[in-house]
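Listing of start35.tsv; format and content: TSV, C-alpha atoms.
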```
chain	number	residue	atom	x	y	z
G	246	MET	CA	0.00	0.00	0.00
G	247	LYS	CA	2.84	2.37	0.90
G	248	LYS	CA	4.46	1.70	-2.48
G	249	GLN	CA	1.20	2.42	-4.35
G	250	LEU	CA	0.65	5.69	-2.47
G	251	PHE	CA	4.22	6.75	-3.14
G	252	SER	CA	3.96	5.86	-6.85
G	253	GLY	CA	0.70	7.81	-7.15
G	254	LEU	CA	2.18	10.91	-5.47
G	255	LEU	CA	5.26	10.75	-7.68
G	256	ALA	CA	3.12	10.46	-10.84
G	257	LEU	CA	1.00	13.44	-9.74
G	258	PHE	CA	4.12	15.50	-9.01
G	259	LEU	CA	5.63	14.72	-12.41
G	260	LEU	CA	2.37	15.51	-14.22
G	261	VAL	CA	2.10	18.93	-12.55
G	262	ALA	CA	5.80	19.68	-13.03
G	263	VAL	CA	5.82	18.74	-16.72
G	264	SER	CA	2.80	20.95	-17.36
G	265	GLN	CA	4.68	23.84	-15.72
G	266	VAL	CA	7.80	23.44	-17.87
G	267	SER	CA	5.91	24.93	-20.80
G	268	ALA	CA	5.84	28.25	-18.91
G	269	GLN	CA	9.44	29.08	-19.86
G	270	TYR	CA	9.89	32.60	-21.16
G	271	ARG	CA	12.49	34.87	-22.69
G	272	SER	CA	13.29	38.07	-20.82
G	273	ALA	CA	14.46	41.30	-22.43
G	274	GLY	CA	17.93	40.84	-20.89
G	275	GLY	CA	18.56	37.49	-22.57
G	276	SER	CA	17.47	33.90	-22.22
G	277	SER	CA	15.91	33.03	-18.89
G	278	TYR	CA	13.32	30.67	-17.45
G	279	ARG	CA	10.53	30.83	-14.89
G	280	ASN	CA	9.97	27.11	-14.16
G	281	ALA	CA	12.22	24.09	-14.50
G	282	LEU	CA	11.91	20.36	-14.06
G	283	GLY	CA	15.18	18.59	-13.42
G	284	LEU	CA	17.12	15.79	-11.82
G	285	GLY	CA	18.26	16.27	-8.23
G	286	ILE	CA	21.42	14.43	-7.22
G	287	GLU	CA	22.88	14.42	-3.73
G	288	PHE	CA	26.03	12.64	-2.60
G	289	GLY	CA	28.83	13.04	-0.12
G	290	ASP	CA	28.34	10.72	2.88
G	291	GLY	CA	28.56	7.38	1.08
G	292	VAL	CA	24.92	7.40	-0.06
G	293	THR	CA	23.82	8.78	-3.43
G	294	LEU	CA	20.25	10.05	-3.70
G	295	VAL	CA	18.57	10.79	-7.05
G	296	GLY	CA	15.10	12.03	-7.95
G	297	PRO	CA	12.91	14.68	-9.59
G	298	SER	CA	13.45	18.36	-8.83
G	299	TYR	CA	11.18	21.34	-9.58
G	300	LYS	CA	12.26	25.01	-9.46
G	301	HIS	CA	10.08	28.14	-9.72
G	302	PHE	CA	11.28	31.76	-9.96
G	303	PHE	CA	8.82	33.95	-8.03
G	304	THR	CA	10.92	37.00	-9.02
G	305	ALA	CA	14.29	37.36	-10.75
G	306	ASN	CA	16.10	36.67	-7.45
G	307	ASN	CA	13.63	34.68	-5.28
G	308	VAL	CA	13.29	30.99	-6.06
G	309	GLY	CA	11.46	28.02	-4.58
G	310	LYS	CA	12.69	24.47	-5.19
G	311	PHE	CA	11.10	21.12	-4.32
G	312	GLU	CA	12.83	17.73	-4.54
G	313	VAL	CA	12.03	14.08	-3.87
G	314	LEU	CA	15.26	12.06	-3.70
G	315	PHE	CA	15.65	8.28	-3.40
G	316	SER	CA	18.35	5.77	-2.52
G	317	ASP	CA	18.10	2.05	-1.72
G	318	HIS	CA	16.20	2.36	1.57
G	319	TYR	CA	15.99	6.11	2.12
G	320	THR	CA	13.75	8.89	0.74
G	321	ILE	CA	14.10	12.65	1.25
G	322	LEU	CA	11.30	15.16	0.64
G	323	GLN	CA	12.66	18.71	0.75
G	324	ALA	CA	11.74	22.29	-0.11
G	325	PHE	CA	14.18	25.20	-0.43
G	326	TYR	CA	14.14	28.98	-0.65
G	327	GLU	CA	17.04	30.22	-2.81
G	328	TYR	CA	18.29	33.73	-3.46
G	329	HIS	CA	19.83	34.03	-6.98
G	330	ARG	CA	22.08	36.83	-8.28
G	331	GLN	CA	23.55	37.35	-11.75
G	332	ILE	CA	27.36	37.24	-11.98
G	333	GLU	CA	28.51	40.34	-13.86
G	334	ASN	CA	30.09	39.78	-17.29
G	335	ALA	CA	29.03	36.10	-17.28
G	336	ALA	CA	25.89	35.71	-19.39
G	337	GLY	CA	23.54	33.07	-18.01
G	338	LEU	CA	25.62	32.40	-14.87
G	339	ARG	CA	24.17	33.08	-11.41
G	340	TRP	CA	25.26	32.28	-7.88
G	341	PHE	CA	22.69	31.22	-5.29
G	342	ALA	CA	22.38	30.60	-1.57
G	343	GLY	CA	19.45	29.29	0.38
G	344	VAL	CA	18.00	27.20	3.13
G	345	GLY	CA	15.46	24.41	3.16
G	346	ILE	CA	13.54	21.98	5.27
G	347	GLY	CA	12.93	18.33	4.64
G	348	ALA	CA	12.05	14.94	5.94
G	349	GLY	CA	14.24	11.87	5.66
G	350	ILE	CA	12.19	8.68	5.63
G	351	THR	CA	13.18	5.02	5.98
G	352	SER	CA	10.98	1.96	6.49
G	353	ASN	CA	11.16	2.26	10.29
G	354	ASN	CA	12.40	5.79	11.03
G	355	SER	CA	12.14	9.42	9.96
G	356	ALA	CA	14.11	12.61	10.61
G	357	PHE	CA	13.52	16.35	10.27
G	358	LEU	CA	16.15	18.11	8.14
G	359	LEU	CA	17.31	21.74	8.10
G	360	ARG	CA	19.58	22.17	5.07
G	361	PRO	CA	21.78	25.03	3.84
G	362	GLU	CA	22.46	25.26	0.11
G	363	ALA	CA	24.79	27.27	-2.15
G	364	GLY	CA	26.04	26.92	-5.71
G	365	LEU	CA	26.04	28.10	-9.31
G	366	ASP	CA	23.18	28.08	-11.81
G	367	TYR	CA	23.98	28.28	-15.54
G	368	LYS	CA	21.33	28.71	-18.24
G	369	ILE	CA	22.58	28.08	-21.79
G	370	PRO	CA	21.35	31.03	-23.90
G	371	ASP	CA	18.65	30.18	-26.49
G	372	VAL	CA	18.64	26.48	-25.46
G	373	PRO	CA	16.23	24.99	-22.91
G	374	LEU	CA	19.04	23.54	-20.76
G	375	ASN	CA	20.16	24.65	-17.33
G	376	PHE	CA	22.94	23.31	-15.08
```
Show this structure as structure tokens.
Amino acid sequence: MKKQLFSGLLALFLLVAVSQVSAQYRSAGGSSYRNALGLGIEFGDGVTLVGPSYKHFFTANNVGKFEVLFSDHYTILQAFYEYHRQIENAAGLRWFAGVGIGAGITSNNSAFLLRPEAGLDYKIPDVPLNF
């Protein structure tokens, strides 16, 4: 039953996220995007987690991101607030910093997560790819 509920929620998430990807737009300052569906990957403590990721720009600098990541016997549901800023003289390249909350779930345990986040976001001009 747990597997069926999880599969149903994942299918609903992907359906909503895919319908939102069509909302990409081009700003006057160059190529940009408002919504993105991607692949979240997390590694570093011996466990690699992979799963769908969805990002939405509320404004040019304020971003919300939601991820569901999976490994063999562990699932993480997490939501982040990110602040993005353009890097001068580097078209399409932004730095970001943020914080998020999440829940780590196993078959017999769960944990509350408070997670910092920082990195780079690069949008290839005139191509619907972002890294």
**Pairwise distance for CA of Gly337 (chain G) and CA of Thr304 (chain G), rounded to one decimal in Å** = 16.0 Å
**Item:** Near-Tyr367 (chain G) list (10 Å; only C-alpha atoms; drop same-chain fewer than 4 positions) as a ChimeraX atom specification
**Value:** /G:277,331,335-340,374-376
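The coordinates place CA of Val313 (chain G) at 12.0 Å from CA of Leu282 (chain G).
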Using all atoms listed in the file, collect all residues at a distance of at most 9 Å from (22.9, 31.5, -5.6) as written in the file, then present them as a PDB file with C-alpha atoms, in the frame of the given file.
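Final output, out_7.pdb:
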```
ATOM      1  CA  ASN G 306      16.100  36.670  -7.450  1.00  0.00           C
ATOM      2  CA  GLU G 327      17.040  30.220  -2.810  1.00  0.00           C
ATOM      3  CA  TYR G 328      18.290  33.730  -3.460  1.00  0.00           C
ATOM      4  CA  HIS G 329      19.830  34.030  -6.980  1.00  0.00           C
ATOM      5  CA  ARG G 330      22.080  36.830  -8.280  1.00  0.00           C
ATOM      6  CA  GLN G 331      23.550  37.350 -11.750  1.00  0.00           C
ATOM      7  CA  ARG G 339      24.170  33.080 -11.410  1.00  0.00           C
ATOM      8  CA  TRP G 340      25.260  32.280  -7.880  1.00  0.00           C
ATOM      9  CA  PHE G 341      22.690  31.220  -5.290  1.00  0.00           C
ATOM     10  CA  ALA G 342      22.380  30.600  -1.570  1.00  0.00           C
ATOM     11  CA  GLY G 343      19.450  29.290   0.380  1.00  0.00           C
ATOM     12  CA  GLU G 362      22.460  25.260   0.110  1.00  0.00           C
ATOM     13  CA  ALA G 363      24.790  27.270  -2.150  1.00  0.00           C
ATOM     14  CA  GLY G 364      26.040  26.920  -5.710  1.00  0.00           C
ATOM     15  CA  LEU G 365      26.040  28.100  -9.310  1.00  0.00           C
ATOM     16  CA  ASP G 366      23.180  28.080 -11.810  1.00  0.00           C
TER      17      ASP G 366
END
```
**For Ile321 (chain G), the nearest of the candidates G:Phe357, G:Gly347, G:Pro373, G:Arg279, counting only C-alpha atoms** = G:Gly347
**Complete:** Students should find that CA of Tyr319 (chain G) and CA of Leu294 (chain G) are spaced 8.2 Å
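Distances here use only C-alpha atoms; by that measure, the residue among G:Val344, G:Leu322, G:Gly309, G:Asn353 closest to Pro297 (chain G) is G:Leu322.
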**Message:** With 10 Å as the threshold, what does the neighbourhood of (8.5, 31.1, -9.0) contain in terms of residues, counting only C-alpha atoms? Coordinates are those of the file; answer as a ChimeraX atom specification.
**Reply:** /G:278-281,300-310
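Taking all atoms listed in the file, the non-local environment of Leu359 (chain G) within 10 Å (same-chain residues fewer than 4 positions away omitted) comprises G:Gln323, G:Ala324, G:Phe325, G:Val344, G:Gly345, G:Ile346, G:Gly347, G:Ala348.
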Edge lengths and centre in Å, axis-aligned, region 285-303 of chain G plus 3 Å each side, as AutoDock Vina command-line options:
```
--center_x 18.8 --center_y 20.7 --center_z -3.5 --size_x 26.0 --size_y 32.6 --size_z 18.8
```
**Asked** What's the 12 Å shell around Thr293 (chain G), counting all atoms listed in the file, without same-chain residues fewer than 3 positions away, as number ranges by chain?
**Response** G: 285-290, 296, 314-321
